[in-house]
Each structure stands twice: as structure tokens, then as C-alpha cells.
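Report on the following structure.
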Amino acid sequence: MADKIYRVNMTTLTTSVEAVPAAWAGHGGRGLTSTIVAAEVEPTCHPLGAKNKLVIAPGLLSGTVAANSGRLSIGAKSPLTGTIKEANAGGTAAQLLARAGCKALIIEGLPKGDAWYSLALTPEGVTIQEESELIGKGNFAVVETLGKRFTEKLGVLTIGQAGEMRMRAANISIKDPDGGLRSCGRGGLGAVMGSKKIKFITVNPKDGKVAIANPEKFKEANKAFSKALVDHPVSQALGQYGTNVLVNIINESGGLPTKNFTGGQFAGHESISGETMHDTISQRGGKVKHNCHAGCVIQCSQIYNDAGGKKLTSGFEYESIWAMGADCCVDNLDHIALADKLMDDIGIDTIETSVAMGVAMEAGVLPFGDGLGICRILEEEVAKGTTLGRIIGNGAGSVGIAFGITRVPVVKNQAIPAYDPRAIKGIGITYATSTQGADHTMGYTIATNILSVGGKVDPLTNVGQVELSRNLQIATAAIDSTGMCLFIAFAALDNAACLPALIDLINARYGLSLTGDDVVNLGKYILKTERAFNTAAGFTAADDRLPEFFYTEPLPPHNVTFDFKGEEIDTFWNF
Ligand code: SF4
């Protein structure tokens with residue numbers, strides 16, 4: 001089935017199916033969303049206005065049986081950062097969109113009037129329906145109701161109340177194979193979908209299949225690729241303890257941001273660690289290993305039950321556990337799991353919202369350590385859109401402004417995640433220079449700074465950090481275009497067979513003969529395209545900096561500051 005561009009105009013409530021322009025044909029995932037946003041969105045437009053567009057694109061390998069290839073990219077101008085934005089997640093939608101022949105779904109315009117809508121995508125095109133029953137409902141109700149409303153197994157993308165209220169931390173959630181949710185979490189993309197008054201999108205590929213140009217080569221490459229993934233020790237640790245294996249490791253390094261970034265170690269780290277989580281899940285009959293889409297061979301996800309053995313949450317990630325745990329000083333994993341479930345239901349980014357809670361704690365809105373207080377605010381304030389709920393739902397920067405707090409850990413107004421840039425300096429360069437605000441996944445230097453994957457760069461000195469972040473950001477931009485989960489990067493950095501096998505997969509899928517240099521050039525092109533959009537939107541080198549307190553407040557236990565000069569940071573873009 002030939003790939004097509006599906007376009008929806010919410011102003012005229014019309015849809016069309018278009019051929020893929022030649023300039024877009026070689027792109028997928030982030031490469032495609034950023035190319036389309038840069039080509040079609042005015043950089044200075046209001047992110048919640050009619051001129052912004054929401055672009056949804058499966059990766060180059062999505063819909064095939066290639067291991068770990070079911071990641072979906074969603075892009076737009078971000079209402080949180082004002083920059084270009086791409087957020088990606090697993091779940092079933094990427095594979096189903098690819099099988100439906102959808103290269104990208106572009107949603108533009110804003111509807112007049114108060115009605116809400118849903119979209120249904122099939123190989124024939126997209127239809128728009130008015131929706132009333134699910135408006136005001138959380139994401140779990142959407143997934144459950146659609147499961148009853150339709151007999152077919154559909155992909156579902158949905159927004160919760162946060163997206164409906166256009167909160168800048170709102171995410172877009174994607175149904176996983178078990179009816180759980182995975183989130184395109186960062187940058188407020190749920191608010192963009194909410195501004196277009198779309199509550200949910202269903203995907204039905206019918207009997208559509210992805211064409212493979214050279215099936216034998218594809219099979220062979222996938223075998224080598226899968227082997228490289230499962231053989232890597234970090235993949236194995238992720239399968240056993242999930243991403244939360246990092247709590248004890250980052251705490252040991254002195255880079256676990258604690259009590260709104262005032263310390264680098266958390267006294268309660270054992271209670272919230274991956275090891276404790278693993279034992280708790282086992283004792284309560286949950287699942288320690290779980291995949292967010294079919295074909296994942298690492299399985300870092302899990303199902304976490306409550307003390308009564310009933311499912312509490314799934315996809316319980318290190319960054320969420322760190323944010324509600326160490327950053328808010330909550331050492332009760334059950335309280336964190338309940339907050340995680342509530343945020344999934346409301347449809348709000350767990351990192352942004354929990355860092356916002358940490359800033360609110362510093363402001364005295366609730367005490368540090370009050371996990372049930374976080375849950376109460378989520379249920380009674382954020383989900384209901386009270387004044388406090390909207391202040392928190394608009395992110396950490398919004399809380400800092402509302403309460404006059406100066407220690408607000410954001411870059412380009414996006415909350416800094418789970419690794420303190422003073423004690424792990426490479427990640428500080430990534431936070432500062434990322435085209436999308438503070439985001440560890442843009443160039444995950446933790447691999448080399450802390451886990452000694454792909455070599456070792458001392459996290460506490462400035463030497464080699466700019467180059468490390470640059471290389472990883474270029475590689476990540478390319479990986480984000482394939483539909484691959486980022487956790488393939490560990491094997492790609494250490495195992496010489498992994499990256500060639502990935503390139504062989506792309507070549508066999510499309511009948512191409514790409515080389516490693518082509519992949520590097522793709523990554524560079526994506527970063528430069530994104531930066532050009534940001535420059536046209538008004539961003540300058542002065543925005544590629546961390547908040548002042550990282551330069552002035554030494555972080556215990558190493559008592560280090562972030563001491564890069566602006567000119568050093570700016571050399572990142574010398575490529
Ligand atoms: S490793 Fe984790 S994030 Fe990656 S595809 Fe598997 S379950 Fe999803």
C-alpha cells in the first residue's frame with residue numbers, strides 16, 4: 001500500500017488524502033514531523049491558534065516486525081516552550097497508522113462554535129464526527145468506552161481534561177496493547193489537540209500491510225538487530241527493573257535532584273528504587289516485564305498492583321518516580337503510583353506536573369513529602385480546572401511566576417527532568433541546547449557520563465561534554481525518525497553489529513542503499529531544521545542557558561555548580 005498524507009482542516013471540517021511530496025518521502029517520525037512543521041507552520045504563530053498544525057507520523061520502520069519499532073511521533077509548535085516540538089511514545093497507534101498507509105496525519109485550523117469532535121482514520125481517509133459523550137472524561141474512560149463502542153481492535157490517541165482545558169503540560173495518550181496508556185508527554189501537545197477540539201482519534205488499518213522491498217534481507221537484519229538488543233546488559237537490566245533501575249544509580253552519582261533541586265541525593269531512595277519496585281510487583285502479582293507495543297524485545301514496562309493485588313498503574317517510569325519521589329521528597333511508592341495513574345487519566349505530563357509540584361512545595365502550597373497531597377491537588381484542582389489547578393497544569397514556570405519563586409528548574413520554560421546538570425554536566429549541555437527545551441531524551445549523555453556505555457566521560461568535569469551531547473543529539477534525531485524506541489541506543493553505542501543492522505532494516509524496507517554517513521547527515525538536518533524554526537520564532541543563543549541558580553548554588557554532595565561559559569555552550573552548534 002502506497003503511503004499517503006492525510007489532512008484534516010478543522011476550520012472547514014473537511015479532509016483530504018494527498019500524495020507524499022518528494023521532499024518528504026525519505027522522512028519518518030521526528031524527521032517528518034519537524035520537516036512538515038517547519039514547512040507549514042508560521043514560527044511566530046500562537047501555538048493554540050488557527051495557524052498551528054498538529055502533525056502525527058509513524059517512524060520509517062513502524063508497522064513492520066522490526067524489533068522495538070512502534071514509536072509514534074507527534075509534532076507542532078509547543079504551547080509550553082514556544083519552540084518546535086516533537087514528542088514520541090509507544091502504544092499500538094504507530095504500527096496501525098503505518099499499516100493504514102498513513103505517512104503523516106496533518107491537522108490544521110480551529111473549529112468555530114463549541115462542539116467537540118473525534119477523527120476516524122482508515123486506509124480510505126479520515127472522517128470527522130461530533131463527540132459529546134466523552135467530553136470532560138479522563139483517558140481511561142475514553143479507552144474503555146471506545147472498546148465497547150467498536151467491535152474492531154482500534155488504535156486510539158486521546159486527550160484528558162488537561163488537553164480539553166488547553167493546559168500547557170497536557171499530553172496526548174496512546175492506547176497500549178492491554179488498554180493501558182503511553183504518552184507523548186512533553187511540551188503541551190495535548191493542548192494543541194484540545195485547541196482543535198479533537199477529543200480522540202481512532203485508527204483502523206483494516207487488512208492493510210506494510211510493503212517490504214526485500215523481505216529476506218529484512219528478516220536477516222532484524223535477527224541481527226534483535227540479538228544486539230537482547231544481548232546488551234542495560235537492556236537486560238531494563239527488562240528486570242524497568243527504567244526505575246536508575247534511582248539507586250543516579251542517587252549514588254550524586255545527581256538525583258532532590259527537594260526542588262537543592263540536593264543530589266535522596267534519603268528515601270531505597271523505598272522508591274527499581275529493586276523495591278520489582279519486589280513489590282512480584283509480591284502483589286503484577287508484571288515486572290511488559291511491552292508497550294508488539295515486537296519489543298527489551299520490555300522495560302511493567303504493571304504495578306496495589307496492596308490488594310489490583311492494577312494501579314503501568315509504564316511506571318524512572319522520570320515520573322524521581323519527580324514525585326526525590327524532587328517532592330515522597331518516599332511512598334504507592335502514593336507515587338496513584339499520582340502516576342491520576343496524571344495518565346487527566347492526560348498531563350508527569351515530569352512537568354511533578355516538577356511544578358516541587359516548585360509549589362517550595363512556595364508552601366503543600367509540604368514536601370506529601371504524596372497524598374499531590375493526589376488531592378490532581379483530583380480536586382487540576383482535573384477540575386480550579387485556579388490552582390490551572391497554575392500547576394500550565395507547568396513549573398507557571399507556578400514560579402504565580403508564587404514569585406526564583407528557583408524554577410526549566411529551560412525554554414520546560415521542566416528539567418531527573419538528572420541534575422551540576423553533577424552530570426553532559427546532560428546540562430543537552431538541556432541548554434536542545435531545540436525543544438530541557439529534555440534528557442534529546443541527547444542522553446547519562447549513557448556515557450554514568451553508565452559507561454559508548455566509553456566514559458567524567459560527569460563532574462567540563463571536558464568532552466559539548467562533543468558528547470552533540471554526537472548523541474545528532475544520533476537521537478535520526479533514531480527518532482525510525483520509529484525505534486530510544487533504548488536501542490545502548491546496543492547501538494556498544495555493539496558494532498547493531499547500527500549496521502538498523503540501516504540494513506531501513507534499506508530492506510524501502511529498497512535503498514543508505515550508509516552510516518547518510519544517517520548522521522539525517523540527524524544533522526533535523527537539528528538544523530528545528531533550530532531554524534526556533535530562530536525564526538525569536539529564540540537566540542541567550543535562550544540556550546540554564547536557570548541562574550544552577551550557576552550559583554553548589555549541589556551537595558559534590559558541591560559543584562554548572563560552570564560552562566555561554567561561548568562554550570554555543571560551540572555545540574559548530575557542525
Ligand atoms: S523498551 Fe520499553 S519503551 Fe522501549 S519499546 Fe519496549 S516497553 Fe516500550
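Labels for the C-alpha cells follow display order: chains A, B, ..., residues from 1 in each chain, ligands from 1.
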
Margin query: Just want the 6 Å neighbourhood of stretch 441-458 of chain A, counted on only C-alpha atoms, with same-chain residues fewer than 5 positions away dropped. Output as a VMD selection string.
Written below: chain A and resid 426 to 427 430 469 472 to 473 493 to 494

Note to self: Around ligand 1, which protein and nucleic acid residues have at least one atom no more than 9 Å from it, if we count only C-alpha atoms and all ligand atoms? List them as JSON, numbers by chain.
What the structure shows: {"A": [67, 68, 69, 70, 71, 89, 90, 91, 182, 235, 238, 239, 242, 243, 289, 290, 291, 292, 293, 294, 295, 296, 297, 298, 299, 300, 301, 302, 315, 484, 485, 486, 487, 488]}

Item checked: Within 10 Å of A:Phe572 using only C-alpha atoms, minus same-chain residues under 3 positions, as a list in words ->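 Counting only the stated atoms, we get Ile429, Thr430, Ala432, Thr433, Ser434, Gln465, Val466, Glu467, Leu468, Ser469, Arg470, Asn471, Glu567, Glu568, Ile569 and Phe575 of chain A.
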
Next item on the list: Would you mind writing down, as a PyMOL selection string, each residue of stretch 231-449 of chain A that DSSP on the backbone assigns to strand (DSSP E or B)?
Entry: chain A and resi 258+263+287-290+301-305+311-314+348+410-411+414-415

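If you measure from each of A:His232, A:His27, A:Arg390, A:Lys287 to A:Lys103 using only C-alpha atoms, the closest one turns out to be A:His27.
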
Margin query: Just checking: using only C-alpha atoms, which residue out of A:Leu333, A:Ala542, A:Leu48, A:Ile321 ends up closest to A:Thr276?
Written below: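 The answer is A:Leu333, which sits nearest to A:Thr276.
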
Next item on the list: Mind checking which residues fall within 10 Å of A:Glu86, counting only C-alpha atoms, ignoring those fewer than 2 positions away in the same chain, and posting them as a PyMOL selection string?
Entry: chain A and resi 29-34+37+55-56+72-78+83-84+88+184-187+189+435-436+480+530

Next item on the list: Give me every helix (DSSP H, G or I) residue in stretch 318-397 of chain A, going by DSSP on the backbone, as an NGL selection string.
Entry: :A and (318-324 or 333-346 or 350-362 or 371-382 or 387-393 or 396-397)

Item checked: Long-range neighbours of A:Glu381 as a PyMOL selection string, 12 Å cut-off, only C-alpha atoms, 3 positions minimum in chain -> chain A and resi 161-162+346+373-378+384-393

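Counting only C-alpha atoms, the residue from A:Gly160, A:Pro459, A:Gly309, A:Gly63 that sits nearest to A:Lys209 is A:Gly63.
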
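Note that the spacing between atom CA of A:Glu379 and atom CA of A:Ala339 amounts to 9.2 Å.
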
Checklist line | Atom pair atom CA of A:Arg545 / atom CA of A:Ala356: separation (Å) | finding: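 Those two atoms sit 19.7 Å apart.
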
Checklist line | Given only C-alpha atoms as the counted atoms, nearest of A:Ala169, A:Cys329, A:Ala536, A:Ala115 to A:Leu366 | finding: A:Cys329
